[in-house]
file protein-v5.txt (compact mmCIF, C-alpha atoms)
# COMPACT_ATOMS: atom_id res chain seq x y z
CA THR A 1 17.57 -24.99 20.62
CA ALA A 2 16.15 -27.34 18.02
CA PRO A 3 14.28 -25.75 15.11
CA PRO A 4 10.50 -26.02 15.31
CA ALA A 5 8.77 -28.86 13.54
CA VAL A 6 7.00 -27.85 10.36
CA GLN A 7 3.42 -29.00 9.90
CA ARG A 8 2.24 -29.27 6.31
CA PHE A 9 -1.46 -29.16 5.48
CA VAL A 10 -2.38 -30.24 1.96
CA PRO A 11 -5.96 -29.78 0.65
CA THR A 12 -7.85 -33.06 0.76
CA GLY A 13 -9.77 -34.63 -2.09
CA ILE A 14 -9.02 -34.79 -5.78
CA ALA A 15 -8.30 -31.44 -7.36
CA PRO A 16 -10.34 -30.70 -10.49
CA THR A 17 -8.54 -30.78 -13.82
CA ALA A 18 -7.40 -27.60 -15.57
CA ALA A 19 -9.92 -28.30 -18.35
CA HIS A 20 -12.74 -28.50 -15.81
CA VAL A 21 -11.74 -25.23 -14.18
CA ALA A 22 -11.31 -23.47 -17.53
CA GLY A 23 -14.71 -24.77 -18.61
CA LEU A 24 -16.33 -22.95 -15.71
CA TRP A 25 -15.41 -19.65 -17.36
CA ARG A 26 -16.94 -20.35 -20.76
CA ASN A 27 -20.28 -18.61 -21.36
CA ARG A 28 -20.37 -17.66 -17.69
CA PRO A 29 -23.50 -15.61 -16.83
CA ARG A 30 -22.84 -12.20 -15.31
CA ASP A 31 -24.81 -10.16 -12.83
CA PRO A 32 -25.71 -6.47 -13.46
CA LEU A 33 -22.30 -5.43 -12.08
CA GLY A 34 -20.50 -7.74 -14.50
CA LEU A 35 -19.43 -10.27 -11.89
CA PRO A 36 -19.34 -13.93 -13.01
CA GLN A 37 -22.02 -16.03 -11.35
CA PHE A 38 -21.24 -19.51 -10.05
CA LEU A 39 -23.47 -22.19 -8.60
CA PRO A 40 -22.43 -23.41 -5.12
CA ASP A 41 -20.78 -26.56 -6.48
CA GLU A 42 -18.94 -24.52 -9.13
CA ALA A 43 -17.64 -22.12 -6.48
CA ALA A 44 -16.50 -25.10 -4.43
CA THR A 45 -14.64 -26.44 -7.48
CA LEU A 46 -12.79 -23.15 -7.96
CA LEU A 47 -11.86 -22.94 -4.29
CA ALA A 48 -10.65 -26.55 -4.27
CA ALA A 49 -8.64 -26.07 -7.45
CA HIS A 50 -6.58 -23.21 -6.01
CA ALA A 51 -6.55 -23.96 -2.27
CA PRO A 52 -2.97 -23.41 -1.06
CA VAL A 53 -0.75 -25.80 0.85
CA ILE A 54 -0.13 -24.43 4.35
CA GLU A 55 3.19 -24.97 6.13
CA ILE A 56 3.50 -23.77 9.74
CA GLU A 57 6.46 -23.81 12.09
CA ASN A 58 5.03 -25.37 15.24
CA HIS A 59 6.20 -24.42 18.73
CA GLY A 60 2.90 -24.98 20.52
CA ASP A 61 -0.88 -24.94 20.45
CA PHE A 62 -0.82 -21.29 19.37
CA ASP A 63 0.49 -22.50 15.99
CA ARG A 64 -2.48 -24.79 15.37
CA PHE A 65 -5.36 -23.34 13.37
CA GLY A 66 -8.95 -24.50 13.63
CA ALA A 67 -12.63 -23.65 13.82
CA LEU A 68 -14.09 -20.57 15.47
CA VAL A 69 -16.35 -21.53 18.38
CA TRP A 70 -18.34 -19.71 21.03
CA ARG A 71 -18.26 -21.63 24.29
CA ASP A 72 -20.88 -21.35 27.05
CA GLY A 73 -20.17 -18.43 29.33
CA ALA A 74 -17.41 -17.02 27.13
CA VAL A 75 -17.26 -13.30 26.36
CA ALA A 76 -15.35 -13.81 23.11
CA PRO A 77 -14.96 -16.51 20.45
CA ALA A 78 -12.22 -19.11 20.69
CA VAL A 79 -10.55 -21.49 18.27
CA ASP A 80 -11.02 -25.25 18.43
CA THR A 81 -7.71 -26.68 17.20
CA THR A 82 -8.66 -30.35 17.32
CA THR A 83 -9.21 -30.31 13.54
CA PRO A 84 -7.57 -27.88 11.08
CA VAL A 85 -10.17 -25.71 9.33
CA LEU A 86 -9.50 -23.48 6.33
CA TYR A 87 -12.38 -21.04 5.79
CA GLN A 88 -13.09 -20.32 2.12
CA ARG A 89 -15.23 -17.84 0.18
CA LEU A 90 -15.48 -15.91 -3.07
CA ALA A 91 -14.89 -12.15 -3.28
CA ALA A 92 -14.17 -9.62 -6.02
CA THR A 93 -12.11 -6.52 -6.70
CA ARG A 94 -12.61 -3.73 -9.22
CA TYR A 95 -9.61 -2.98 -11.45
CA ARG A 96 -9.54 -0.84 -14.58
CA ASN A 97 -13.30 -0.92 -15.13
CA GLN A 98 -13.69 -4.65 -14.74
CA TRP A 99 -14.36 -7.05 -11.90
CA LEU A 100 -11.79 -9.68 -10.97
CA LEU A 101 -12.84 -12.76 -9.02
CA GLN A 102 -10.95 -13.52 -5.81
CA LEU A 103 -10.65 -16.73 -3.79
CA VAL A 104 -10.26 -16.04 -0.07
CA TYR A 105 -8.85 -18.55 2.44
CA THR A 106 -8.68 -17.73 6.17
CA LEU A 107 -6.89 -19.49 9.04
CA TRP A 108 -7.75 -18.75 12.68
CA PHE A 109 -5.28 -19.33 15.51
CA PRO A 110 -6.15 -19.32 19.25
CA GLU A 111 -3.57 -16.66 20.09
CA ARG A 112 -0.47 -14.75 19.21
CA PRO A 113 1.75 -15.34 22.26
CA PRO A 114 3.76 -12.45 23.73
CA ARG A 115 7.46 -12.21 22.99
CA SER A 116 8.04 -9.89 25.94
CA ARG A 117 6.13 -8.32 28.84
CA PHE A 118 5.23 -5.34 26.66
CA ASP A 119 4.36 -7.06 23.39
CA LEU A 120 1.47 -4.93 22.08
CA LEU A 121 0.88 -7.34 19.18
CA ALA A 122 0.12 -10.32 21.41
CA GLY A 123 -3.35 -11.48 22.40
CA THR A 124 -6.08 -14.04 21.97
CA LEU A 125 -7.17 -14.86 18.42
CA ASP A 126 -4.99 -14.38 15.39
CA ALA A 127 -5.90 -14.80 11.73
CA VAL A 128 -4.11 -14.99 8.42
CA VAL A 129 -5.96 -14.34 5.18
CA VAL A 130 -4.70 -15.66 1.82
CA ARG A 131 -6.35 -14.22 -1.29
CA ILE A 132 -5.87 -15.29 -4.90
CA THR A 133 -7.03 -12.91 -7.64
CA LEU A 134 -7.96 -14.58 -10.93
CA ALA A 135 -7.71 -13.36 -14.52
CA PRO A 136 -11.09 -12.37 -16.02
CA ASP A 137 -10.76 -14.41 -19.22
CA ASP A 138 -9.66 -17.88 -18.13
CA GLY A 139 -9.41 -17.83 -14.33
CA ARG A 140 -5.64 -18.25 -14.11
CA PRO A 141 -4.04 -16.80 -10.94
CA LEU A 142 -2.81 -13.22 -11.39
CA LEU A 143 -1.90 -12.27 -7.84
CA ILE A 144 -1.70 -13.76 -4.39
CA ASP A 145 -1.73 -11.57 -1.29
CA THR A 146 -1.64 -12.30 2.41
CA ILE A 147 -2.68 -10.17 5.37
CA HIS A 148 -3.32 -10.67 9.07
CA GLY A 149 -6.85 -10.40 10.39
CA CYS A 150 -5.96 -7.09 12.07
CA GLY A 151 -5.22 -5.56 8.66
CA CYS A 152 -1.44 -5.55 9.19
CA TYR A 153 1.48 -7.06 7.28
CA HIS A 154 -0.06 -6.94 3.81
CA LEU A 155 2.14 -8.74 1.29
CA PHE A 156 1.55 -8.96 -2.50
CA LEU A 157 2.99 -11.70 -4.73
CA PRO A 158 2.15 -11.23 -8.41
CA THR A 159 2.50 -14.09 -10.87
CA ASN A 160 3.90 -13.85 -14.39
CA GLY A 161 0.40 -12.85 -15.52
CA ALA A 162 0.65 -9.48 -13.76
CA ARG A 163 3.30 -6.80 -13.60
CA LEU A 164 4.08 -3.95 -11.26
CA ARG A 165 3.27 -0.43 -12.39
CA SER A 166 6.26 1.72 -13.25
CA ASP A 167 4.42 4.90 -12.20
CA ALA A 168 3.78 3.98 -8.57
CA PRO A 169 2.55 6.99 -6.57
CA THR A 170 5.00 8.38 -4.03
CA ASP A 171 2.50 10.05 -1.70
CA VAL A 172 0.73 6.90 -0.47
CA GLU A 173 1.80 3.61 1.07
CA TRP A 174 2.53 1.33 -1.88
CA ALA A 175 2.13 -2.41 -2.22
CA PHE A 176 5.03 -4.49 -0.92
CA ALA A 177 5.73 -7.10 -3.61
CA PRO A 178 9.14 -8.69 -2.95
CA ILE A 179 9.06 -11.33 -5.71
CA THR A 180 7.16 -12.48 -8.79
CA LEU A 181 5.80 -16.01 -8.69
CA PRO A 182 5.54 -18.34 -11.69
CA THR A 183 2.00 -19.09 -12.78
CA PRO A 184 1.22 -22.54 -11.33
CA GLN A 185 0.97 -25.41 -13.77
CA VAL A 186 -1.62 -28.17 -13.74
CA GLY A 187 -1.55 -29.97 -10.39
CA GLN A 188 0.62 -27.33 -8.71
CA ARG A 189 -0.47 -25.26 -5.72
CA PHE A 190 0.86 -22.19 -3.98
CA VAL A 191 2.63 -22.99 -0.70
CA ILE A 192 2.14 -20.53 2.17
CA ARG A 193 4.80 -20.81 4.88
CA LEU A 194 4.02 -19.22 8.26
CA ASP A 195 6.41 -18.50 11.11
CA SER A 196 5.76 -19.79 14.59
CA ALA A 197 3.94 -17.50 17.06
CA SER A 198 3.91 -14.36 14.88
CA HIS A 199 2.35 -16.27 11.97
CA TYR A 200 4.18 -14.03 9.52
CA ALA A 201 4.00 -15.27 5.93
call {"tool": "encode", "arguments": {"input": "protein-v5.txt", "output": "structure tokens"}}
result
Amino acid sequence: TAPPAVQRFVPTGIAPTAAHVAGLWRNRPRDPLGLPQFLPDEAATLLAAHAPVIEIENHGDFDRFGALVWRDGAVAPAVDTTTPVLYQRLAATRYRNQWLLQLVYTLWFPERPPRSRFDLLAGTLDAVVVRITLAPDDGRPLLIDTIHGCGCYHLFLPTNGARLRSDAPTDVEWAFAPITLPTPQVGQRFVIRLDSASHYA
């Protein structure tokens, strides 16, 4: 059979310059927890600056992401795939007594189709979350991780600005980090490639 076509979704609009993004971090006010505070337009600038390119193998409508909708009479939400929608928000994580800002991007798919009659992973609605953790001093990307909306298949991809611990605990599930990514240069974006149907990264 022919390989699936690959759809490529590139963030629209003009990405802000590196100087503009770096300037957002200078003299940044902090809340009582120490988290940097951004105005709505500043948050939008950060999210636009780092929004990833999405590449998806396409075998059908189940590989098209879109907007969550609640249709009349429905008992559960659905996904309107007429227009691709990438949900975006700010978050934070606590690491070594300091807060790190995170940029969170979420894609919703209408379903994960079954691969067999007894595919327990199949069902309506599927989501993939892409999260970029930023350095506290200048906002450069430290780590990118991806996870499905169910909380499964968590994958960590550190950049050159982070390194894996040599004393990883052996009594807990440890982070799966198969490669180290180069820190993106000005104008570069991370590219997230998703498989058809399973939407594995």
call {"tool": "closest_residue", "arguments": {"input": "protein-v5.txt", "among": "A:Ala48, A:Val130, A:Ile56, A:Leu125", "to": "Val69 (chain A)", "atoms": "all atoms listed in the file"}}
result
A:Leu125
call {"tool": "residues_around", "arguments": {"input": "protein-v5.txt", "residues": "region 110-123 of chain A", "least_positions_apart": "4", "cutoff": "6 Å", "atoms": "only C-alpha atoms", "output": "number ranges by chain"}}
result
A: 62, 79, 197
call {"tool": "closest_residue", "arguments": {"input": "protein-v5.txt", "among": "A:Ala51, A:Leu103, A:Leu90, A:Leu24", "to": "Asp137 (chain A)", "atoms": "only C-alpha atoms"}}
result
A:Leu24
call {"tool": "atom_distance", "arguments": {"input": "protein-v5.txt", "atom1": "CA of Cys150 (chain A)", "atom2": "CA of Thr83 (chain A)"}}
result
23.5 Å
call {"tool": "residues_near_point", "arguments": {"input": "protein-v5.txt", "point": "(-7.1, -25.7, 10.6)", "cutoff": "12 Å", "atoms": "only C-alpha atoms", "output": "PyMOL selection string"}}
result
chain A and resi 7-11+53-56+61-68+79-88+105-110+127-128
call {"tool": "closest_residue", "arguments": {"input": "protein-v5.txt", "among": "A:Asp72, A:Asp167, A:Asp126, A:Asp31", "to": "Gly149 (chain A)", "atoms": "only C-alpha atoms"}}
result
A:Asp126
call {"tool": "residues_around", "arguments": {"input": "protein-v5.txt", "residues": "region 91-94 of chain A", "least_positions_apart": "4", "cutoff": "10 Å", "atoms": "all atoms listed in the file", "output": "VMD selection string"}}
result
chain A and resid 35 to 36 98 to 104 131 to 134
call {"tool": "atom_distance", "arguments": {"input": "protein-v5.txt", "atom1": "CA of Ser166 (chain A)", "atom2": "CA of Thr146 (chain A)"}}
result
22.5 Å
call {"tool": "atom_distance", "arguments": {"input": "protein-v5.txt", "atom1": "CA of Ala49 (chain A)", "atom2": "CA of Ile179 (chain A)"}}
result
23.1 Å
call {"tool": "residues_around", "arguments": {"input": "protein-v5.txt", "residues": "Thr17 (chain A)", "least_positions_apart": "6", "cutoff": "12 Å", "atoms": "only C-alpha atoms", "output": "mmCIF file with C-alpha atoms, in the coordinates of the input"}}
result
data_model
loop_
_atom_site.group_PDB
_atom_site.id
_atom_site.type_symbol
_atom_site.label_atom_id
_atom_site.label_comp_id
_atom_site.auth_asym_id
_atom_site.auth_seq_id
_atom_site.Cartn_x
_atom_site.Cartn_y
_atom_site.Cartn_z
ATOM 1 C CA GLY A 23 -14.710 -24.770 -18.610
ATOM 2 C CA LEU A 24 -16.330 -22.950 -15.710
ATOM 3 C CA THR A 45 -14.640 -26.440 -7.480
ATOM 4 C CA LEU A 46 -12.790 -23.150 -7.960
ATOM 5 C CA ALA A 48 -10.650 -26.550 -4.270
ATOM 6 C CA ALA A 49 -8.640 -26.070 -7.450
ATOM 7 C CA HIS A 50 -6.580 -23.210 -6.010
ATOM 8 C CA GLN A 185 0.970 -25.410 -13.770
ATOM 9 C CA VAL A 186 -1.620 -28.170 -13.740
ATOM 10 C CA GLY A 187 -1.550 -29.970 -10.390
ATOM 11 C CA GLN A 188 0.620 -27.330 -8.710
#
call {"tool": "closest_residue", "arguments": {"input": "protein-v5.txt", "among": "A:Tyr200, A:Thr183, A:Ala15, A:Pro77", "to": "Gly139 (chain A)", "atoms": "all atoms listed in the file"}}
result
A:Thr183
